[in-house]
$ cat final-v9.cif   # mmCIF, C-alpha atoms
data_target
loop_
_atom_site.label_atom_id
_atom_site.label_comp_id
_atom_site.auth_asym_id
_atom_site.auth_seq_id
_atom_site.Cartn_x
_atom_site.Cartn_y
_atom_site.Cartn_z
CA MET A 24 0.00 0.00 0.00
CA LYS A 25 1.54 3.28 -1.14
CA ILE A 26 1.13 6.29 1.14
CA GLU A 27 0.65 9.69 -0.46
CA LYS A 28 3.67 11.99 0.03
CA LYS A 29 1.64 14.67 1.83
CA LYS A 30 0.20 12.14 4.26
CA LEU A 31 3.59 10.55 4.89
CA SER A 32 5.15 13.99 5.42
CA LYS A 33 2.51 14.82 8.00
CA ILE A 34 2.96 11.49 9.79
CA LEU A 35 6.74 11.85 9.88
CA GLY A 36 6.50 15.49 10.94
CA TYR A 37 4.27 14.73 13.90
CA LEU A 38 6.36 11.66 14.81
CA GLY A 39 9.33 14.04 14.98
CA LEU A 40 7.58 15.82 17.84
CA ILE A 41 7.65 12.72 20.02
CA PRO A 42 11.28 13.14 21.19
CA PHE A 43 10.64 16.79 22.09
CA TYR A 44 7.76 15.91 24.38
CA ALA A 45 9.11 12.54 25.56
CA LEU A 46 12.37 14.14 26.67
CA THR A 47 10.44 16.96 28.36
CA PHE A 48 8.40 14.34 30.21
CA PHE A 49 11.54 12.35 31.14
CA TYR A 50 13.14 15.52 32.45
CA PHE A 51 10.39 15.79 35.05
CA LEU A 52 10.49 12.05 35.79
CA SER A 53 14.27 12.06 36.18
CA ASN A 54 14.07 14.61 38.96
CA PHE A 55 15.43 17.33 36.65
CA ASN A 56 18.51 15.46 35.43
CA ASN A 57 20.68 17.77 33.30
CA TYR A 58 21.67 14.91 31.00
CA VAL A 59 18.07 14.69 29.75
CA VAL A 60 18.13 18.39 28.87
CA GLU A 61 21.43 17.94 27.04
CA VAL A 62 19.90 15.14 24.93
CA TYR A 63 16.88 17.38 24.31
CA LEU A 64 19.16 20.20 23.13
CA PHE A 65 21.11 17.79 20.93
CA TYR A 66 17.87 16.61 19.30
CA SER A 67 16.81 20.24 18.80
CA ASN A 68 20.10 20.88 17.03
CA ILE A 69 19.58 17.87 14.74
CA ILE A 70 16.11 19.08 13.78
CA ILE A 71 17.39 22.60 13.08
CA ALA A 72 20.06 21.15 10.78
CA PHE A 73 17.41 19.01 9.07
CA ILE A 74 15.11 21.99 8.50
CA CYS A 75 17.99 24.05 7.12
CA GLY A 76 18.84 21.17 4.79
CA THR A 77 15.28 20.97 3.48
CA GLN A 78 15.49 24.62 2.51
CA TRP A 79 18.52 24.12 0.27
CA SER A 80 16.83 22.68 -2.79
CA LYS A 81 14.12 25.32 -2.74
CA ILE A 82 16.69 28.10 -2.33
CA LEU A 83 19.02 26.75 -5.03
CA ASN A 84 16.26 26.02 -7.54
CA GLY A 85 14.11 29.05 -6.81
CA ASN A 86 14.36 32.64 -7.83
CA LEU A 87 14.24 34.18 -4.38
CA PRO A 88 15.44 37.62 -3.41
CA ASN A 89 18.33 37.40 -0.93
CA SER A 90 18.88 33.73 -1.80
CA ASN A 91 22.61 33.97 -1.03
CA LEU A 92 21.87 35.36 2.42
CA ILE A 93 19.25 32.70 3.14
CA LEU A 94 21.57 29.94 1.88
CA THR A 95 24.41 31.24 4.06
CA ALA A 96 22.08 31.39 7.06
CA SER A 97 20.97 27.79 6.45
CA VAL A 98 24.58 26.69 6.84
CA THR A 99 25.56 29.09 9.60
CA ILE A 100 22.60 28.49 11.93
CA PRO A 101 23.33 24.79 12.63
CA ILE A 102 27.02 25.59 13.16
CA VAL A 103 26.19 28.35 15.65
CA ALA A 104 23.77 25.97 17.43
CA PHE A 105 26.48 23.31 17.59
CA VAL A 106 29.02 25.73 19.06
CA LEU A 107 26.47 27.04 21.58
CA ASP A 108 25.86 23.47 22.76
CA PHE A 109 29.46 23.34 23.94
CA PHE A 110 30.11 26.86 25.15
CA SER A 111 26.81 28.17 26.44
CA ASN A 112 24.38 27.40 29.23
CA GLN A 113 21.04 25.67 28.74
CA ASN A 114 19.00 28.86 29.06
CA ILE A 115 20.85 30.60 26.24
CA ASN A 116 20.63 27.46 24.09
CA ILE A 117 16.89 27.13 24.51
CA VAL A 118 16.26 30.82 23.84
CA PHE A 119 18.45 30.53 20.74
CA TYR A 120 16.47 27.48 19.61
CA ILE A 121 13.14 29.23 20.17
CA ILE A 122 14.26 32.18 18.07
CA THR A 123 15.80 29.88 15.44
CA PHE A 124 12.74 27.67 15.04
CA PHE A 125 10.61 30.78 14.67
CA ALA A 126 13.00 32.34 12.12
CA LEU A 127 13.26 29.12 10.12
CA ASN A 128 9.49 28.98 9.98
CA LEU A 129 9.43 32.52 8.57
CA ILE A 130 11.97 31.49 5.94
CA ASP A 131 9.89 28.41 5.07
CA ALA A 132 6.79 30.57 4.73
CA LYS A 133 8.69 32.75 2.27
CA ILE A 134 10.25 30.01 0.15
CA PHE A 135 7.26 27.63 0.16
CA LYS A 136 4.61 30.24 -0.60
CA GLU A 137 3.37 28.75 -3.89
CA THR A 138 -0.18 27.41 -3.77
CA THR A 139 1.12 23.89 -4.37
CA ASN A 140 3.13 24.13 -1.14
CA ILE A 141 0.52 25.74 1.16
CA TRP A 142 -0.01 22.39 2.90
CA TYR A 143 3.72 22.21 3.72
CA ALA A 144 3.87 25.77 5.03
CA THR A 145 0.81 25.03 7.20
CA LEU A 146 2.36 21.81 8.49
CA ARG A 147 5.63 23.57 9.32
CA LYS A 148 3.76 26.36 11.11
CA ARG A 149 1.94 23.83 13.32
CA LEU A 150 5.05 21.78 14.02
CA THR A 151 7.06 24.90 14.81
CA PHE A 152 4.42 26.10 17.24
CA LEU A 153 4.42 22.73 19.04
CA VAL A 154 8.23 22.60 19.15
CA ILE A 155 8.41 26.13 20.58
CA ILE A 156 5.85 25.17 23.25
CA SER A 157 8.09 22.27 24.33
CA GLN A 158 11.09 24.61 24.34
CA VAL A 159 9.25 27.10 26.57
CA ILE A 160 8.18 24.30 28.94
CA ASN A 161 11.80 23.19 29.25
CA LEU A 162 13.02 26.73 29.77
CA PHE A 163 10.57 27.23 32.63
CA ALA A 164 11.33 23.78 34.07
CA ILE A 165 15.09 24.38 34.11
CA ASN A 166 14.67 27.71 35.84
CA ALA A 167 11.88 26.63 38.21
CA TYR A 168 13.97 23.70 39.42
CA ARG A 169 16.79 26.05 40.43
CA PHE A 170 14.49 27.79 42.88
CA PHE A 171 13.51 24.59 44.72
#
$ encode --input "final-v9.cif" --output "structure tokens"
Amino acid sequence: MKIEKKKLSKILGYLGLIPFYALTFFYFLSNFNNYVVEVYLFYSNIIIAFICGTQWSKILNGNLPNSNLILTASVTIPIVAFVLDFFSNQNINIVFYIITFFALNLIDAKIFKETTNIWYATLRKRLTFLVIISQVINLFAINAYRFF
């Protein structure tokens, strides 16, 4: 049985949310173990790199204004995230990821604006919103734990 590409993309997209929320849940269960947050941040970094990679073909094959800037950003953002994972604290990383997921969604909305891609832009908007919610929950959890 062959699954339509749109349906498969939606299934895989929502399955990609599972680690965000599972790791958030495990963070609470683990009595706020920092290792769980580090794995969460690592997964966030992987997803950012994946999203930036999905933008490449559209940027390279499209006729977008500022395509060189967007292409450079799609390479630079995962590198900055990787460096931050080693040299920054968890609060800064999560705030960076929140801003980055939001910015990448804005870029996706710009490069996937054709009517044939509306479904993808809508999917990315929903997934981004749910990822940012998990990021905010973790940010509050990390900081709330420090007060107890």
$ resolve_selection --input "final-v9.cif" --expression "the PyMOL selection byres ((chain A and resi 56-61) around 9)" --output "list of chain:residue names"
A:Leu46, A:Thr47, A:Phe49, A:Tyr50, A:Phe51, A:Leu52, A:Ser53, A:Asn54, A:Phe55, A:Val62, A:Tyr63, A:Leu64, A:Phe65, A:Tyr66, A:Asp108, A:Gln113, A:Asn161, A:Ile165
$ resolve_selection --input "final-v9.cif" --expression "the PyMOL selection byres ((chain A and resi 149) around 12)" --output "PyMOL selection string"
chain A and resi 33+36-37+40+124-125+128+132+142-148+150-156
$ axis_aligned_box --input "final-v9.cif" --around "range 132-149 of chain A" --padding-each-side "3 Å" --output "JSON"
{"center_x": 5.0, "center_y": 27.3, "center_z": 4.5, "size_x": 16.4, "size_y": 16.9, "size_z": 23.7}
$ atom_distance --input "final-v9.cif" --atom1 "CA of Ile69 in chain A" --atom2 "CA of Ala104 in chain A"
9.5 Å
$ residues_around --input "final-v9.cif" --residues "Ala72 in chain A" --least-positions-apart "2" --cutoff "8 Å" --atoms "only C-alpha atoms" --output "PDB file with C-alpha atoms, keeping the file's coordinate frame"
ATOM      1  CA  ASN A  68      20.100  20.880  17.030  1.00  0.00           C
ATOM      2  CA  ILE A  69      19.580  17.870  14.740  1.00  0.00           C
ATOM      3  CA  ILE A  70      16.110  19.080  13.780  1.00  0.00           C
ATOM      4  CA  ILE A  74      15.110  21.990   8.500  1.00  0.00           C
ATOM      5  CA  CYS A  75      17.990  24.050   7.120  1.00  0.00           C
ATOM      6  CA  GLY A  76      18.840  21.170   4.790  1.00  0.00           C
ATOM      7  CA  SER A  97      20.970  27.790   6.450  1.00  0.00           C
ATOM      8  CA  ILE A 100      22.600  28.490  11.930  1.00  0.00           C
ATOM      9  CA  PRO A 101      23.330  24.790  12.630  1.00  0.00           C
TER      10      PRO A 101
END
$ resolve_selection --input "final-v9.cif" --expression "the PyMOL selection byres ((chain A and resi 135) around 12)" --output "PyMOL selection string"
chain A and resi 77-82+84-87+127-134+136-148
$ atom_distance --input "final-v9.cif" --atom1 "CA of Gly39 in chain A" --atom2 "CA of Glu27 in chain A"
18.2 Å
$ atom_distance --input "final-v9.cif" --atom1 "CA of Ile115 in chain A" --atom2 "CA of Val159 in chain A"
12.1 Å
$ closest_residue --input "final-v9.cif" --among "A:Phe73, A:Leu38, A:Lys28, A:Ala164" --to "Val98 in chain A" --atoms "only C-alpha atoms"
A:Phe73
$ build_atoms --input "final-v9.cif" --residues "range 105-138 of chain A" --atoms "N, CA and C atoms" --output "tab-separated table (two decimals), keeping the file's coordinate frame"
chain	number	residue	atom	x	y	z
A	105	PHE	N	25.52	24.32	17.15
A	105	PHE	CA	26.48	23.31	17.59
A	105	PHE	C	27.51	23.90	18.54
A	106	VAL	N	28.03	25.06	18.20
A	106	VAL	CA	29.02	25.73	19.06
A	106	VAL	C	28.38	26.14	20.39
A	107	LEU	N	27.16	26.66	20.34
A	107	LEU	CA	26.47	27.04	21.58
A	107	LEU	C	26.27	25.84	22.50
A	108	ASP	N	26.04	24.67	21.93
A	108	ASP	CA	25.86	23.47	22.76
A	108	ASP	C	27.08	23.21	23.63
A	109	PHE	N	28.24	23.59	23.18
A	109	PHE	CA	29.46	23.34	23.94
A	109	PHE	C	29.87	24.50	24.84
A	110	PHE	N	29.56	25.71	24.44
A	110	PHE	CA	30.11	26.86	25.15
A	110	PHE	C	29.08	27.77	25.80
A	111	SER	N	27.85	27.32	25.89
A	111	SER	CA	26.81	28.17	26.44
A	111	SER	C	25.99	27.39	27.45
A	112	ASN	N	25.24	28.10	28.27
A	112	ASN	CA	24.38	27.40	29.23
A	112	ASN	C	23.05	27.03	28.58
A	113	GLN	N	22.29	26.21	29.27
A	113	GLN	CA	21.04	25.67	28.74
A	113	GLN	C	20.02	26.76	28.45
A	114	ASN	N	19.96	27.77	29.28
A	114	ASN	CA	19.00	28.86	29.06
A	114	ASN	C	19.26	29.57	27.73
A	115	ILE	N	20.50	29.90	27.49
A	115	ILE	CA	20.85	30.60	26.24
A	115	ILE	C	20.56	29.69	25.05
A	116	ASN	N	20.89	28.41	25.18
A	116	ASN	CA	20.63	27.46	24.09
A	116	ASN	C	19.15	27.40	23.75
A	117	ILE	N	18.32	27.26	24.76
A	117	ILE	CA	16.89	27.13	24.51
A	117	ILE	C	16.32	28.41	23.91
A	118	VAL	N	16.73	29.56	24.42
A	118	VAL	CA	16.26	30.82	23.84
A	118	VAL	C	16.72	30.93	22.39
A	119	PHE	N	17.96	30.54	22.13
A	119	PHE	CA	18.45	30.53	20.74
A	119	PHE	C	17.60	29.62	19.87
A	120	TYR	N	17.28	28.43	20.38
A	120	TYR	CA	16.47	27.48	19.61
A	120	TYR	C	15.05	28.01	19.37
A	121	ILE	N	14.48	28.64	20.35
A	121	ILE	CA	13.14	29.23	20.17
A	121	ILE	C	13.17	30.25	19.04
A	122	ILE	N	14.13	31.15	19.10
A	122	ILE	CA	14.26	32.18	18.07
A	122	ILE	C	14.55	31.54	16.71
A	123	THR	N	15.42	30.54	16.69
A	123	THR	CA	15.80	29.88	15.44
A	123	THR	C	14.64	29.14	14.81
A	124	PHE	N	13.89	28.37	15.60
A	124	PHE	CA	12.74	27.67	15.04
A	124	PHE	C	11.73	28.66	14.47
A	125	PHE	N	11.52	29.76	15.16
A	125	PHE	CA	10.61	30.78	14.67
A	125	PHE	C	11.13	31.39	13.36
A	126	ALA	N	12.41	31.73	13.33
A	126	ALA	CA	13.00	32.34	12.12
A	126	ALA	C	12.98	31.37	10.94
A	127	LEU	N	13.28	30.11	11.20
A	127	LEU	CA	13.26	29.12	10.12
A	127	LEU	C	11.85	28.94	9.57
A	128	ASN	N	10.86	29.06	10.44
A	128	ASN	CA	9.49	28.98	9.98
A	128	ASN	C	9.14	30.18	9.08
A	129	LEU	N	9.64	31.35	9.42
A	129	LEU	CA	9.43	32.52	8.57
A	129	LEU	C	10.09	32.34	7.21
A	130	ILE	N	11.28	31.76	7.21
A	130	ILE	CA	11.97	31.49	5.94
A	130	ILE	C	11.18	30.47	5.13
A	131	ASP	N	10.71	29.41	5.78
A	131	ASP	CA	9.89	28.41	5.07
A	131	ASP	C	8.64	29.03	4.48
A	132	ALA	N	8.00	29.91	5.23
A	132	ALA	CA	6.79	30.57	4.73
A	132	ALA	C	7.10	31.39	3.48
A	133	LYS	N	8.30	31.94	3.42
A	133	LYS	CA	8.69	32.75	2.27
A	133	LYS	C	9.05	31.88	1.07
A	134	ILE	N	9.78	30.79	1.29
A	134	ILE	CA	10.25	30.01	0.15
A	134	ILE	C	9.25	28.94	-0.31
A	135	PHE	N	8.27	28.61	0.54
A	135	PHE	CA	7.26	27.63	0.16
A	135	PHE	C	5.88	28.30	0.03
A	136	LYS	N	5.86	29.47	-0.56
A	136	LYS	CA	4.61	30.24	-0.60
A	136	LYS	C	3.73	29.93	-1.81
A	137	GLU	N	4.20	29.10	-2.74
A	137	GLU	CA	3.37	28.75	-3.89
A	137	GLU	C	2.14	27.99	-3.41
A	138	THR	N	1.07	28.07	-4.18
A	138	THR	CA	-0.18	27.41	-3.77
A	138	THR	C	-0.02	25.90	-3.68
